[in-house]
Every structure is written in C-alpha cells, then in structure tokens.
file upload.cif (mmCIF, C-alpha atoms)
data_query
#
loop_
_atom_site.label_atom_id
_atom_site.label_comp_id
_atom_site.auth_asym_id
_atom_site.auth_seq_id
_atom_site.Cartn_x
_atom_site.Cartn_y
_atom_site.Cartn_z
CA MET A 979 20.78 -56.71 14.63
CA GLY A 980 21.64 -58.77 17.65
CA TRP A 981 20.14 -56.49 20.29
CA CYS A 982 17.48 -58.88 21.62
CA SER A 983 18.06 -62.42 22.83
CA GLU A 984 14.51 -63.70 22.31
CA VAL A 985 12.25 -63.88 19.30
CA ILE A 986 9.62 -61.14 19.26
CA THR A 987 7.10 -60.02 16.67
CA LEU A 988 7.16 -56.71 14.87
CA SER A 989 3.91 -54.88 14.24
CA LEU A 990 3.77 -52.32 11.44
CA ALA A 991 0.73 -50.12 10.79
CA PRO A 992 0.82 -48.95 8.10
CA PRO A 993 3.74 -50.82 6.46
CA PRO A 994 6.58 -48.45 5.63
CA VAL A 995 7.41 -47.86 1.99
CA GLY A 996 11.12 -47.94 2.78
CA LEU A 997 13.36 -47.87 5.81
CA PHE A 998 14.68 -44.41 5.05
CA SER A 999 12.05 -42.56 3.08
CA ASN A 1000 12.74 -39.13 1.66
CA ASN A 1001 9.14 -38.07 2.03
CA ASN A 1002 7.59 -36.54 5.12
CA LYS A 1003 5.89 -39.65 6.38
CA SER A 1004 6.79 -41.18 9.71
CA ALA A 1005 7.02 -44.83 10.66
CA VAL A 1006 6.93 -46.04 14.24
CA PHE A 1007 8.22 -49.52 14.96
CA GLN A 1008 6.97 -50.80 18.34
CA PHE A 1009 7.90 -54.22 19.70
CA GLN A 1010 5.06 -56.03 21.42
CA LYS A 1011 7.35 -56.54 24.39
CA PRO A 1012 8.47 -53.24 25.90
CA LEU A 1013 12.11 -53.51 24.92
CA LEU A 1014 12.85 -51.22 22.02
CA LYS A 1015 11.06 -48.56 20.05
CA PHE A 1016 12.21 -47.16 16.72
CA LYS A 1017 10.94 -43.98 15.13
CA PHE A 1018 11.93 -42.76 11.69
CA ASN A 1019 10.87 -39.24 10.87
CA ASN A 1020 12.33 -37.13 8.07
CA SER A 1021 15.60 -39.08 8.05
CA THR A 1022 15.74 -38.90 11.82
CA LEU A 1023 16.25 -41.98 13.93
CA VAL A 1024 15.23 -42.02 17.57
CA ILE A 1025 15.75 -45.24 19.50
CA HIS A 1026 14.01 -45.67 22.86
CA ARG A 1027 14.48 -48.46 25.32
CA ASN A 1028 11.43 -49.16 27.45
CA PRO A 1029 12.39 -51.04 30.63
CA PRO A 1030 9.83 -51.59 33.39
CA LEU A 1031 8.83 -48.40 35.16
CA ALA A 1032 10.59 -49.41 38.37
CA ALA A 1033 13.83 -49.74 36.47
CA GLN A 1034 13.28 -46.39 34.78
CA LEU A 1035 13.26 -44.67 38.15
CA GLN A 1036 16.71 -45.94 39.09
CA GLN A 1037 20.16 -45.26 37.76
CA PRO A 1038 21.48 -48.25 35.81
CA SER A 1039 24.16 -50.17 37.68
CA SER A 1040 27.65 -50.83 36.39
CA SER A 1041 26.80 -54.53 36.23
CA SER A 1042 24.06 -53.92 33.65
CA SER A 1043 26.50 -54.72 30.88
CA SER A 1044 29.75 -56.57 30.65
CA ARG A 1045 30.85 -54.46 27.67
CA ASP A 1046 33.19 -51.51 28.03
CA PHE A 1047 31.23 -48.37 27.23
CA VAL A 1048 32.79 -45.09 26.16
CA VAL A 1049 31.56 -41.58 25.43
CA VAL A 1050 32.74 -39.96 22.20
CA ASN A 1051 32.73 -36.22 21.50
CA PHE A 1052 33.79 -34.29 18.42
CA TYR A 1053 32.78 -31.44 16.14
CA HIS A 1054 34.07 -30.02 12.90
CA PHE A 1055 33.22 -26.96 10.84
CA VAL A 1056 33.22 -27.78 7.13
CA PHE A 1057 30.87 -27.06 4.25
CA ILE A 1058 28.37 -29.86 3.60
CA LYS A 1059 26.48 -29.34 0.36
CA ASN A 1060 23.62 -31.73 1.12
CA PRO A 1061 23.44 -32.36 4.87
CA GLN A 1062 20.09 -34.15 4.67
CA GLN A 1063 21.70 -36.70 2.38
CA GLN A 1064 24.54 -37.10 4.87
CA VAL A 1065 22.06 -37.72 7.67
CA ALA A 1066 20.46 -40.53 5.67
CA LYS A 1067 23.90 -41.96 4.94
CA HIS A 1068 24.81 -41.99 8.64
CA LEU A 1069 21.51 -43.63 9.58
CA SER A 1070 21.97 -46.27 6.91
CA PHE A 1071 25.47 -47.13 8.16
CA LEU A 1072 24.35 -47.48 11.78
CA GLU A 1073 21.42 -49.67 10.73
CA LEU A 1074 23.40 -51.94 8.42
CA GLU A 1075 26.19 -52.41 10.95
CA GLY A 1076 23.78 -52.84 13.85
CA LEU A 1077 25.75 -50.43 16.04
CA ASP A 1078 24.54 -49.74 19.58
CA ILE A 1079 24.88 -45.95 19.66
CA ASN A 1080 22.98 -43.46 21.85
CA GLY A 1081 23.47 -39.72 21.85
CA ARG A 1082 23.18 -36.58 19.75
CA VAL A 1083 24.64 -36.24 16.26
CA TYR A 1084 23.73 -33.08 14.37
CA LEU A 1085 24.68 -32.14 10.82
CA ASN A 1086 24.03 -29.07 8.71
CA GLU A 1087 25.69 -26.94 6.03
CA GLN A 1088 28.35 -25.80 8.52
CA GLY A 1089 29.52 -29.23 9.67
CA ILE A 1090 28.89 -31.79 12.41
CA ASN A 1091 28.56 -31.84 16.19
CA ALA A 1092 28.43 -35.21 17.96
CA GLN A 1093 28.24 -36.55 21.49
CA TYR A 1094 27.33 -40.21 21.87
CA SER A 1095 27.91 -43.33 23.95
CA GLY A 1096 28.17 -46.99 23.14
CA PRO A 1097 30.25 -50.14 23.55
CA SER A 1098 33.83 -49.25 22.67
CA LYS A 1099 33.81 -51.42 19.55
CA ASP A 1100 30.63 -49.84 18.19
CA ALA A 1101 31.56 -46.29 19.17
CA MET A 1102 34.93 -46.50 17.45
CA ALA A 1103 33.51 -48.21 14.37
CA TYR A 1104 31.20 -45.24 13.84
CA VAL A 1105 33.86 -42.55 14.27
CA ASN A 1106 36.35 -44.46 12.11
CA TRP A 1107 33.73 -44.66 9.37
CA ILE A 1108 33.16 -40.91 9.61
CA LYS A 1109 36.89 -40.24 9.33
CA GLU A 1110 37.02 -42.14 6.05
CA ASP A 1111 35.43 -39.03 4.55
CA SER A 1112 38.31 -36.67 3.71
CA ARG A 1113 36.34 -33.73 5.10
CA PHE A 1114 36.44 -35.29 8.56
CA SER A 1115 39.76 -37.17 8.44
CA ASP A 1116 41.51 -34.79 10.84
CA ILE A 1117 38.77 -34.26 13.44
CA LEU A 1118 39.85 -34.20 17.08
CA VAL A 1119 38.00 -37.10 18.72
CA GLN A 1120 37.73 -37.15 22.52
CA ILE A 1121 36.95 -40.39 24.33
CA SER A 1122 36.15 -41.00 27.98
CA PRO A 1123 34.90 -44.11 29.82
CA SER A 1124 31.41 -44.74 31.15
CA GLN A 1125 31.06 -47.07 34.11
CA THR A 1126 27.27 -47.33 33.83
CA GLY A 1127 26.67 -48.16 30.19
CA HIS A 1128 24.95 -45.63 27.97
CA THR A 1129 25.09 -42.02 29.11
CA PHE A 1130 22.32 -40.92 26.74
CA PRO A 1131 18.76 -42.35 26.73
CA SER A 1132 18.37 -42.55 22.93
CA LEU A 1133 19.91 -41.68 19.60
CA LYS A 1134 19.00 -38.42 17.89
CA LEU A 1135 20.74 -38.17 14.53
CA ARG A 1136 19.31 -35.42 12.39
CA TYR A 1137 19.70 -32.20 10.49
CA LYS A 1138 19.76 -29.19 12.79
CA PRO A 1139 19.85 -25.55 11.64
CA SER A 1140 22.30 -24.62 14.44
CA LEU A 1141 25.02 -27.00 15.63
CA VAL A 1142 24.81 -25.25 19.01
CA GLN A 1143 21.91 -23.23 20.35
CA PHE A 1144 22.42 -19.48 20.38
CA LYS A 1145 19.95 -16.63 20.40
CA GLY A 1146 19.23 -15.67 16.82
CA GLY A 1147 20.97 -18.78 15.46
CA ILE A 1148 24.49 -19.19 14.10
CA SER A 1149 23.82 -19.94 10.44
CA ASP A 1150 24.90 -16.40 9.45
CA LEU A 1151 28.24 -16.60 11.29
CA SER A 1152 31.45 -17.08 9.31
CA LEU A 1153 32.29 -20.31 11.11
CA LEU A 1154 33.87 -21.85 8.01
CA ASP A 1155 36.50 -19.10 7.91
CA PRO A 1156 39.27 -19.98 10.42
CA SER A 1157 40.46 -16.36 10.44
CA MET A 1158 37.14 -15.28 11.94
CA ARG A 1159 37.49 -17.71 14.83
CA ALA A 1160 39.92 -17.33 17.72
CA LEU A 1161 43.46 -18.67 17.43
CA PRO A 1162 43.55 -22.16 18.98
CA LEU A 1163 46.21 -22.82 21.62
CA SER A 1164 47.50 -26.31 22.34
CA PRO A 1165 47.06 -27.57 25.91
CA SER A 1166 50.75 -26.96 26.65
CA GLU A 1167 50.60 -23.41 25.25
CA TRP A 1168 47.45 -22.72 27.26
CA ARG A 1169 49.07 -23.98 30.45
CA LYS A 1170 52.15 -21.79 29.98
CA ARG A 1171 50.02 -18.70 29.42
CA LEU A 1172 47.86 -19.33 32.48
CA GLU A 1173 50.88 -19.99 34.67
CA VAL A 1174 52.37 -16.66 33.65
CA ILE A 1175 49.09 -14.78 34.13
CA ASN A 1176 48.28 -16.32 37.52
CA LYS A 1177 51.86 -15.98 38.78
CA ASN A 1178 52.70 -12.49 37.62
CA ASP A 1179 49.29 -10.89 38.06
CA PRO A 1180 48.49 -10.45 41.75
CA HIS A 1181 45.00 -9.25 40.84
CA SER A 1182 44.02 -12.23 38.69
CA LYS A 1183 41.74 -13.71 41.35
CA ASP A 1184 39.98 -10.39 41.65
CA TYR A 1185 39.40 -10.31 37.88
CA THR A 1186 40.66 -6.72 37.69
CA ASN A 1187 43.34 -7.35 35.07
CA ARG A 1188 42.05 -5.92 31.80
CA ASN A 1189 45.07 -6.97 29.70
CA ASN A 1190 44.76 -10.75 30.03
CA ILE A 1191 41.27 -12.14 30.58
CA ILE A 1192 40.51 -15.81 31.11
CA LEU A 1193 36.97 -16.12 29.79
CA ASP A 1194 34.83 -19.10 30.77
CA VAL A 1195 32.37 -19.54 27.90
CA ARG A 1196 30.20 -22.05 29.77
CA ASN A 1197 27.32 -21.78 32.23
CA GLY A 1198 27.58 -20.72 35.84
CA TYR A 1199 26.63 -24.16 37.16
CA GLU A 1200 29.50 -25.69 35.16
CA TRP A 1201 31.96 -23.27 36.76
CA ASP A 1202 30.57 -24.21 40.18
CA ILE A 1203 32.17 -27.65 40.14
CA GLY A 1204 35.33 -26.83 38.20
CA HIS A 1205 37.18 -24.04 36.39
CA PHE A 1206 40.59 -22.61 35.54
CA ARG A 1207 42.29 -20.41 38.11
CA GLY A 1208 41.68 -16.75 37.36
CA ALA A 1209 38.41 -17.29 35.48
CA GLN A 1210 35.38 -15.34 36.67
CA ARG A 1211 32.14 -17.26 37.22
CA PRO A 1212 29.92 -16.65 34.18
CA ASN A 1213 26.57 -15.18 35.12
CA VAL A 1214 24.86 -17.37 32.53
CA ASP A 1215 22.49 -20.34 32.82
CA CYS A 1216 22.30 -21.14 29.11
CA PHE A 1217 24.88 -20.59 26.36
CA ARG A 1218 22.29 -19.22 23.97
CA SER A 1219 21.91 -16.13 26.19
CA THR A 1220 25.65 -15.39 26.53
CA SER A 1221 26.37 -11.72 25.88
CA PHE A 1222 29.88 -11.01 27.22
CA GLY A 1223 31.41 -8.01 25.47
CA LEU A 1224 28.31 -7.27 23.41
CA SER A 1225 26.86 -4.47 25.52
CA GLN A 1226 28.03 -0.90 25.94
CA GLU A 1227 26.94 -0.99 29.56
CA ILE A 1228 29.71 -1.51 32.11
CA THR A 1229 28.80 -4.25 34.60
CA ALA A 1230 30.83 -6.34 37.06
CA SER A 1231 29.14 -9.52 35.82
CA ASP A 1232 30.60 -9.06 32.32
CA PRO A 1233 34.30 -10.06 32.21
CA LEU A 1234 34.70 -8.17 28.92
CA SER A 1235 33.08 -5.00 30.15
CA ASN A 1236 35.22 -1.90 29.47
CA VAL A 1237 37.98 -3.94 27.85
CA ASP A 1238 40.42 -2.58 25.26
CA LYS A 1239 39.24 -4.59 22.25
CA GLU A 1240 42.42 -3.96 20.27
CA ASN A 1241 45.05 -4.79 22.91
CA ALA A 1242 43.53 -7.07 25.55
CA ASN A 1243 44.24 -10.81 25.25
CA ILE A 1244 41.05 -12.85 25.63
CA LEU A 1245 41.72 -16.51 26.50
CA MET A 1246 38.48 -18.45 26.01
CA TYR A 1247 37.67 -21.99 27.13
CA CYS A 1248 34.73 -24.39 27.29
CA THR A 1249 34.21 -28.14 27.65
CA GLY A 1250 35.06 -29.37 24.15
CA GLY A 1251 35.75 -26.22 22.13
CA ILE A 1252 32.71 -25.65 19.95
CA ARG A 1253 31.11 -22.94 22.08
CA CYS A 1254 34.39 -21.00 22.06
CA ASP A 1255 34.70 -21.23 18.29
CA VAL A 1256 31.16 -19.95 17.89
CA TYR A 1257 31.42 -17.15 20.42
CA SER A 1258 34.87 -16.02 19.30
CA THR A 1259 33.40 -15.46 15.82
CA ILE A 1260 30.75 -13.24 17.40
CA LEU A 1261 33.37 -11.31 19.40
CA ARG A 1262 35.47 -10.90 16.26
CA GLN A 1263 32.51 -9.24 14.57
CA HIS A 1264 32.28 -6.86 17.53
CA GLY A 1265 35.87 -5.68 17.18
CA PHE A 1266 37.85 -7.91 19.54
CA GLN A 1267 41.28 -8.54 18.03
CA ASN A 1268 43.37 -10.82 20.27
CA LEU A 1269 41.21 -13.88 20.73
CA TYR A 1270 42.54 -17.29 21.79
CA THR A 1271 40.78 -20.56 22.47
CA LEU A 1272 41.83 -23.76 24.20
CA LYS A 1273 42.03 -26.37 21.45
CA GLY A 1274 39.76 -29.29 22.26
CA GLY A 1275 38.48 -27.57 25.38
CA VAL A 1276 38.98 -28.59 28.99
CA SER A 1277 38.62 -32.32 28.34
CA HIS A 1278 41.51 -32.28 25.84
CA TYR A 1279 43.57 -30.11 28.18
CA ILE A 1280 43.20 -32.40 31.19
CA LYS A 1281 44.03 -35.44 29.07
CA ASN A 1282 47.35 -33.83 28.11
CA GLU A 1283 48.26 -31.58 31.04
CA GLY A 1284 46.39 -33.06 33.98
CA ALA A 1285 44.84 -30.70 36.51
CA ALA A 1286 47.52 -27.99 36.29
CA GLU A 1287 45.83 -24.59 36.76
CA TRP A 1288 42.48 -26.41 36.95
CA ILE A 1289 40.32 -26.50 40.08
CA GLY A 1290 37.71 -29.21 40.74
CA ASN A 1291 35.87 -31.50 38.30
CA LEU A 1292 34.55 -31.12 34.77
CA PHE A 1293 30.81 -30.81 34.14
CA VAL A 1294 29.59 -32.89 31.19
CA PHE A 1295 26.20 -32.92 29.49
CA ASP A 1296 25.37 -36.60 29.88
CA SER A 1297 24.23 -38.83 32.72
CA ARG A 1298 27.68 -38.77 34.37
CA LEU A 1299 27.35 -35.01 35.02
CA SER A 1300 30.72 -34.60 36.76
CA LEU A 1301 34.10 -36.07 35.81
CA PRO A 1302 37.22 -35.83 38.00
CA PRO A 1303 40.55 -35.19 36.22
CA PRO A 1304 41.75 -38.83 36.55
CA VAL A 1305 39.03 -39.91 34.10
CA TYR A 1306 41.14 -38.24 31.41
CA TYR A 1307 44.53 -38.20 33.12
CA PRO A 1308 45.09 -41.11 35.55
CA GLN A 1309 48.36 -39.62 36.80
CA ALA A 1310 46.41 -36.76 38.36
CA ILE A 1311 46.05 -38.70 41.62
CA PRO A 1312 47.97 -41.53 43.32
CA GLU A 1313 47.10 -44.99 42.07
CA GLY A 1314 44.08 -46.51 43.77
CA ARG A 1315 42.57 -43.24 44.94
CA MET A 1316 39.26 -42.89 43.12
CA THR A 1317 37.85 -39.69 44.57
CA PRO A 1318 40.26 -36.84 43.84
CA VAL A 1319 40.29 -33.67 45.88
CA SER A 1320 41.51 -30.53 44.17
CA ARG A 1321 44.20 -28.47 45.82
CA ASP A 1322 41.65 -25.67 45.99
CA ASP A 1323 38.19 -27.20 46.00
CA LYS A 1324 36.70 -25.03 48.73
CA PHE A 1325 34.98 -22.88 46.12
CA ALA A 1326 32.06 -25.34 45.84
CA LYS A 1327 29.23 -24.45 48.21
CA CYS A 1328 25.91 -26.03 49.07
CA TYR A 1329 23.10 -24.11 47.40
CA ILE A 1330 20.97 -24.37 50.55
CA CYS A 1331 23.25 -23.87 53.56
CA ASN A 1332 26.38 -22.49 51.84
CA VAL A 1333 28.78 -24.95 53.48
CA GLU A 1334 31.51 -26.62 51.48
CA VAL A 1335 30.35 -29.69 49.60
CA SER A 1336 32.38 -32.90 49.48
CA GLU A 1337 30.81 -34.11 46.24
CA LEU A 1338 31.31 -32.02 43.10
CA ARG A 1339 28.16 -33.24 41.40
CA HIS A 1340 24.86 -31.51 40.73
CA ARG A 1341 21.42 -32.90 41.41
CA ASN A 1342 17.95 -31.89 40.27
CA CYS A 1343 15.33 -30.72 42.73
CA ALA A 1344 12.91 -33.52 43.65
CA ASN A 1345 10.03 -31.17 42.93
CA LEU A 1346 9.09 -32.12 39.38
CA ASP A 1347 7.81 -28.62 38.63
CA CYS A 1348 11.06 -27.00 39.81
CA ASN A 1349 13.80 -29.39 38.61
CA LEU A 1350 16.53 -26.89 39.55
CA LEU A 1351 20.07 -28.13 38.98
CA PHE A 1352 22.06 -27.39 42.14
CA LEU A 1353 24.92 -28.46 44.40
CA CYS A 1354 23.90 -29.80 47.78
CA CYS A 1355 25.56 -31.23 50.88
CA ARG A 1356 24.42 -34.63 52.15
CA LYS A 1357 22.75 -33.18 55.23
CA CYS A 1358 20.53 -30.86 53.20
CA VAL A 1359 19.69 -33.67 50.77
CA LYS A 1360 18.40 -35.65 53.73
CA ASP A 1361 16.71 -32.78 55.55
CA LEU A 1362 14.91 -31.42 52.47
CA ARG A 1363 14.31 -34.83 50.87
CA GLY A 1364 16.19 -33.91 47.71
CA CYS A 1365 14.52 -30.52 47.26
CA CYS A 1366 16.27 -27.20 46.72
CA CYS A 1367 14.23 -25.27 49.32
CA LEU A 1368 11.53 -25.65 51.97
CA THR A 1369 8.85 -24.46 49.57
CA CYS A 1370 9.57 -27.30 47.18
CA THR A 1371 9.21 -29.89 49.96
CA THR A 1372 5.48 -29.12 50.05
CA ALA A 1373 5.01 -29.26 46.27
CA PRO A 1374 2.27 -31.58 44.98
CA ARG A 1375 4.55 -33.61 42.70
CA LEU A 1376 7.67 -34.85 44.46
CA ARG A 1377 9.99 -37.48 43.09
CA PRO A 1378 11.80 -39.80 45.50
CA ALA A 1379 15.04 -38.34 46.86
CA LEU A 1380 18.03 -39.94 45.15
CA ILE A 1381 21.28 -40.73 46.90
CA GLY A 1382 24.83 -41.08 45.66
CA GLU A 1383 25.33 -40.74 41.92
CA GLN A 1384 21.77 -41.67 40.97
CA ARG A 1385 20.05 -39.30 38.61
CA TYR A 1386 16.42 -38.75 37.70
CA ARG A 1387 15.16 -40.03 34.40
CA LYS A 1388 13.60 -37.82 31.76
CA TRP A 1389 10.90 -35.45 33.03
CA HIS A 1390 8.13 -37.05 30.97
CA ILE A 1391 8.54 -40.39 32.78
CA TYR A 1392 7.27 -38.78 35.99
CA ARG A 1393 4.84 -36.35 34.38
CA ASP A 1394 1.74 -38.53 34.43
CA MET A 1395 2.51 -40.31 37.70
CA ASP A 1396 0.73 -39.64 40.95
CA LEU A 1397 3.69 -38.30 42.92
CA GLN A 1398 1.71 -36.77 45.79
CA GLY A 1399 3.56 -37.61 48.98
CA LYS A 1400 6.31 -39.58 47.29
CA GLY A 1401 8.95 -37.52 49.03
CA ASN A 1402 7.50 -38.15 52.50
#

call {"tool": "encode", "arguments": {"input": "upload.cif", "output": "structure tokens"}}
result
Amino acid sequence: MGWCSEVITLSLAPPPVGLFSNNNKSAVFQFQKPLLKFKFNNSTLVIHRNPPLAAQLQQPSSSSSSRDFVVVNFYHFVFIKNPQQQVAKHLSFLELEGLDINGRVYLNEQGINAQYSGPSKDAMAYVNWIKEDSRFSDILVQISPSQTGHTFPSLKLRYKPSLVQFKGGISDLSLLDPSMRALPLSPSEWRKRLEVINKNDPHSKDYTNRNNIILDVRNGYEWDIGHFRGAQRPNVDCFRSTSFGLSQEITASDPLSNVDKENANILMYCTGGIRCDVYSTILRQHGFQNLYTLKGGVSHYIKNEGAAEWIGNLFVFDSRLSLPPPVYYPQAIPEGRMTPVSRDDKFAKCYICNVEVSELRHRNCANLDCNLLFLCCRKCVKDLRGCCCLTCTTAPRLRPALIGEQRYRKWHIYRDMDLQGKGN
C-alpha cells in the first residue's frame, strides 16, 4: 500500500478468514514496529498510527509531510437500501486503492455524513469515486487546507444509526422529504437577508425582534469564536440536547421562545448544514412554518461571500479547531496578512479573567479529569499553567501546558501516565 518505507513483518493470530468478513468476528493487524495498527470489526475499519509517546504528546509540525493535505466535508440525505453493504464497498475501495484517509464517514438508511482528511490526491480520489454513484452525484463537497497533515487521528468508516447525534435519535425523522426540511438559501440570498435584518432592525443585537430570528444551531463554544451578526449565543454545549422552540416555557435563553410559529421567519445556520436540516425537520413537526437554512453552512457561505455579516473565526471539529475566513476566502484580508482581525472581534473573552482574547482558538484544561474546552488569554495560560481555574492547578493529573496552536492528544494517551506534578 506504500505507507511504510521499510520491510516489516505482519503477525496474525488467528489468521483472518477474509479481509472484509460479514460475520461478527474481529481481526486486529498489529505491526511489530509501532507504526500502524489496523482493526476490522463488523465492516468497520479503524486505522491507528502509533508514534513514540514523546511524539504523541506534541502537535505534528507542518514539515511532517511534504504532501498537500486537505479536509473534506459533505453529507447527503438519500435512501440507502443496504447501508452495511455500502460500508463494505467503501472499505474495499480505500483498501484496494491504498488511500491515506483519516476521519469519520458514517452511512445508514438515510444517507451519508463524512468529514475526513488526507493528501489532496487521495482525498479527491475518494470523493470522486463516491460521486460516480448517481445517488451522490450532486453532493456539495467542501474542501479546506490543512497545514499540519491529518486533522483526524484515525479512520472510522461504519454504519451508524444516526448520522448526527440527537437525543432520542433521528431515524424517525422525515429527513428524506425535502418539504419537511427548511428551505435552503444560497450564500448570496442569505447575505441579502441578513443585511436587511441587521440594517433595518435597530433591536437585532438585543434579540428582541420576533419576526426575523437568526438562529445559531451550534454550540455555545462555537459561537464564542465566531457567529453571524444578530444571532443570539446558543445556551447549548452539545447539539443532541438542543431544544429551541420545543418547550412551552418562555425563557430568555431560547431564541424561539414565544415566537409566532406561523408568521415569524426563522433563519437557521450551522457549520456545514446537516444540523440545520435535522433540526428544521424537528421544528417543522412542532408547527414552525417559515424555516430557512444557509445552504452548505458557514463554511460554504464564507467561501462565496467572505466575512460579510460574519464576526470572528469558524469553529471546526478537527485538530485545527478554529479557521479564519481567509482559509475559505483569501480576499477577506490583504495579501500577506495571515492573522485576520474581525471588524467586531471584541466579543471573545477570556474564560478566566474576562479580558478580550487576541487568539480565537479554544484549548482544553490541562487537568485531565476536567478537560474543559475554553478560551483563554496568554497571561492566564501562563499563570494557571494551562488550567481553567485555580482548583484544577492542584489536580493530581495535570498534562503539560501547551502553547500556540498545539493541542492535546486523545484522552486515553494520558490516562495511564503518572502525571502528578507535570504542570509544575
């Protein structure tokens, strides 16, 4: 497959009956040298790279590979009669072509949801192969660069009952019926609507307008580093617990509280679009009539319209965490300026001291047993050794404080280590 430059032996115990077995047995392929690890389980492929522990504790540098890496995102709702068979087909293609792909690719009876990274050639070969299937020929594929190689630690390609996680599941939702989902607006249409709302509505920043509501269907920590003007911060830490407009109780934290379901215009947005499609179907079932979504989400919008009506950076669920608008739209800043500053970026505050932060990028608390995702100024990072509070600085298991854009590895890497005093 061309992934290793030296000859190594492969130990199998017991020998697998076939590479992709349809039974429930699992086969674990472990190289004697700690380079790669393959696990096949119920038509699921998980690929793990095992570098030395010291390397695992550091963020990979941009010089780790001379290849141009990209991150690919797409989803599509379409009926798949035998999704397990499709999973096996995808795995077989990746194996036969020897493609270097890491990420999450989920399939079920309602369609596909994919986010993965890889060398540009490999990443595009995979998506082009998928588009050869007429059911996926018109999918909206979004591509962004990665300066540090893979943005996902492994590949998880499998059947999943829910393409996105939501309380109670989404298998019973009418996601395959476009009329049940919100009406998608193109980036240009979305921009025009927001410009009118934010210009003509003097109360938009106070979120008191009940006729036109800009609904952020993401998590609060995503809003913290970037959002559309006029959108209220969602009081949500996980999409699966989102409940806007579903309760009879009137609360200030619910943007859809006490809204006229028949006449109010609800403009919904999220990162790539799938959460909006799912949640708009739920709102439709609860009587909301005028629902609109941003086609392709914020990433597609910025690629086409730049940062107009947008404040800050875009949170992404991979190792990059935070992307400035020029990643998608280079014209957003003058040539040569690599760290953009929004025209209104003073909304971002340090979680600890509440001062404005200069870096729109989250970090995890150094306390392994806390792991809170939070924004922090450089002074507090230094003073609290990467922790989110004074209490965490005295915790028994502290990881080393990271600087710059470094990010901690998976939790289990540190779990069995003796981290007592590591933060001192």

call {"tool": "resolve_selection", "arguments": {"input": "upload.cif", "expression": "the PyMOL selection byres ((chain A and resi 1331-1346) around 6)", "output": "list in words"}}
result
Ile1203, Ser1300, Ala1326, Lys1327, Cys1328, Tyr1329, Ile1330, Asp1347, Cys1348, Asn1349, Leu1350, Leu1351, Phe1352, Leu1353, Cys1355, Gly1364, Cys1365, Cys1366, Cys1370, Arg1375, Leu1376 and Arg1377 of chain A

call {"tool": "atom_distance", "arguments": {"input": "upload.cif", "atom1": "atom CA of A:Val1195", "atom2": "atom CA of A:Met1102"}}
result
29.0 Å

call {"tool": "closest_residue", "arguments": {"input": "upload.cif", "among": "A:Ile1192, A:Ile1252, A:Leu1161, A:Ile1289", "to": "A:Gln1267", "atoms": "all atoms listed in the file"}}
result
A:Leu1161

call {"tool": "atom_distance", "arguments": {"input": "upload.cif", "atom1": "atom CA of A:Asn1051", "atom2": "atom CA of A:Ala1092"}}
result
5.7 Å

call {"tool": "resolve_selection", "arguments": {"input": "upload.cif", "expression": "the PyMOL selection byres ((chain A and resi 1299) around 10)", "output": "PDB file with C-alpha atoms, in the coordinates of the input"}}
result
ATOM      1  CA  THR A1129      25.090 -42.020  29.110  1.00  0.00           C
ATOM      2  CA  GLU A1200      29.500 -25.690  35.160  1.00  0.00           C
ATOM      3  CA  ASN A1291      35.870 -31.500  38.300  1.00  0.00           C
ATOM      4  CA  LEU A1292      34.550 -31.120  34.770  1.00  0.00           C
ATOM      5  CA  PHE A1293      30.810 -30.810  34.140  1.00  0.00           C
ATOM      6  CA  VAL A1294      29.590 -32.890  31.190  1.00  0.00           C
ATOM      7  CA  PHE A1295      26.200 -32.920  29.490  1.00  0.00           C
ATOM      8  CA  ASP A1296      25.370 -36.600  29.880  1.00  0.00           C
ATOM      9  CA  SER A1297      24.230 -38.830  32.720  1.00  0.00           C
ATOM     10  CA  ARG A1298      27.680 -38.770  34.370  1.00  0.00           C
ATOM     11  CA  SER A1300      30.720 -34.600  36.760  1.00  0.00           C
ATOM     12  CA  LEU A1301      34.100 -36.070  35.810  1.00  0.00           C
ATOM     13  CA  LEU A1338      31.310 -32.020  43.100  1.00  0.00           C
ATOM     14  CA  ARG A1339      28.160 -33.240  41.400  1.00  0.00           C
ATOM     15  CA  HIS A1340      24.860 -31.510  40.730  1.00  0.00           C
ATOM     16  CA  ARG A1341      21.420 -32.900  41.410  1.00  0.00           C
ATOM     17  CA  GLU A1383      25.330 -40.740  41.920  1.00  0.00           C
ATOM     18  CA  ARG A1385      20.050 -39.300  38.610  1.00  0.00           C
TER      19      ARG A1385
END

call {"tool": "atom_distance", "arguments": {"input": "upload.cif", "atom1": "atom CA of A:Tyr1257", "atom2": "atom CA of A:Trp1168"}}
result
18.3 Å

call {"tool": "resolve_selection", "arguments": {"input": "upload.cif", "expression": "the PyMOL selection byres ((chain A and resi 1222) around 10)", "output": "PyMOL selection string"}}
result
chain A and resi 1193+1195+1212-1214+1219-1221+1223-1225+1231-1235+1257+1261

call {"tool": "write_last_selection", "arguments": {"input": "upload.cif", "atoms": "C-alpha atoms", "output": "JSON list (two decimals), keeping the file's coordinate frame"}}
result
[["chain", "number", "residue", "atom", "x", "y", "z"],
["A", 1193, "LEU", "CA", 36.97, -16.12, 29.79],
["A", 1195, "VAL", "CA", 32.37, -19.54, 27.90],
["A", 1212, "PRO", "CA", 29.92, -16.65, 34.18],
["A", 1213, "ASN", "CA", 26.57, -15.18, 35.12],
["A", 1214, "VAL", "CA", 24.86, -17.37, 32.53],
["A", 1219, "SER", "CA", 21.91, -16.13, 26.19],
["A", 1220, "THR", "CA", 25.65, -15.39, 26.53],
["A", 1221, "SER", "CA", 26.37, -11.72, 25.88],
["A", 1223, "GLY", "CA", 31.41, -8.01, 25.47],
["A", 1224, "LEU", "CA", 28.31, -7.27, 23.41],
["A", 1225, "SER", "CA", 26.86, -4.47, 25.52],
["A", 1231, "SER", "CA", 29.14, -9.52, 35.82],
["A", 1232, "ASP", "CA", 30.60, -9.06, 32.32],
["A", 1233, "PRO", "CA", 34.30, -10.06, 32.21],
["A", 1234, "LEU", "CA", 34.70, -8.17, 28.92],
["A", 1235, "SER", "CA", 33.08, -5.00, 30.15],
["A", 1257, "TYR", "CA", 31.42, -17.15, 20.42],
["A", 1261, "LEU", "CA", 33.37, -11.31, 19.40]]

call {"tool": "closest_residue", "arguments": {"input": "upload.cif", "among": "A:Tyr1392, A:Phe1057, A:Tyr1386, A:Phe1047", "to": "A:Leu1153", "atoms": "all atoms listed in the file"}}
result
A:Phe1057
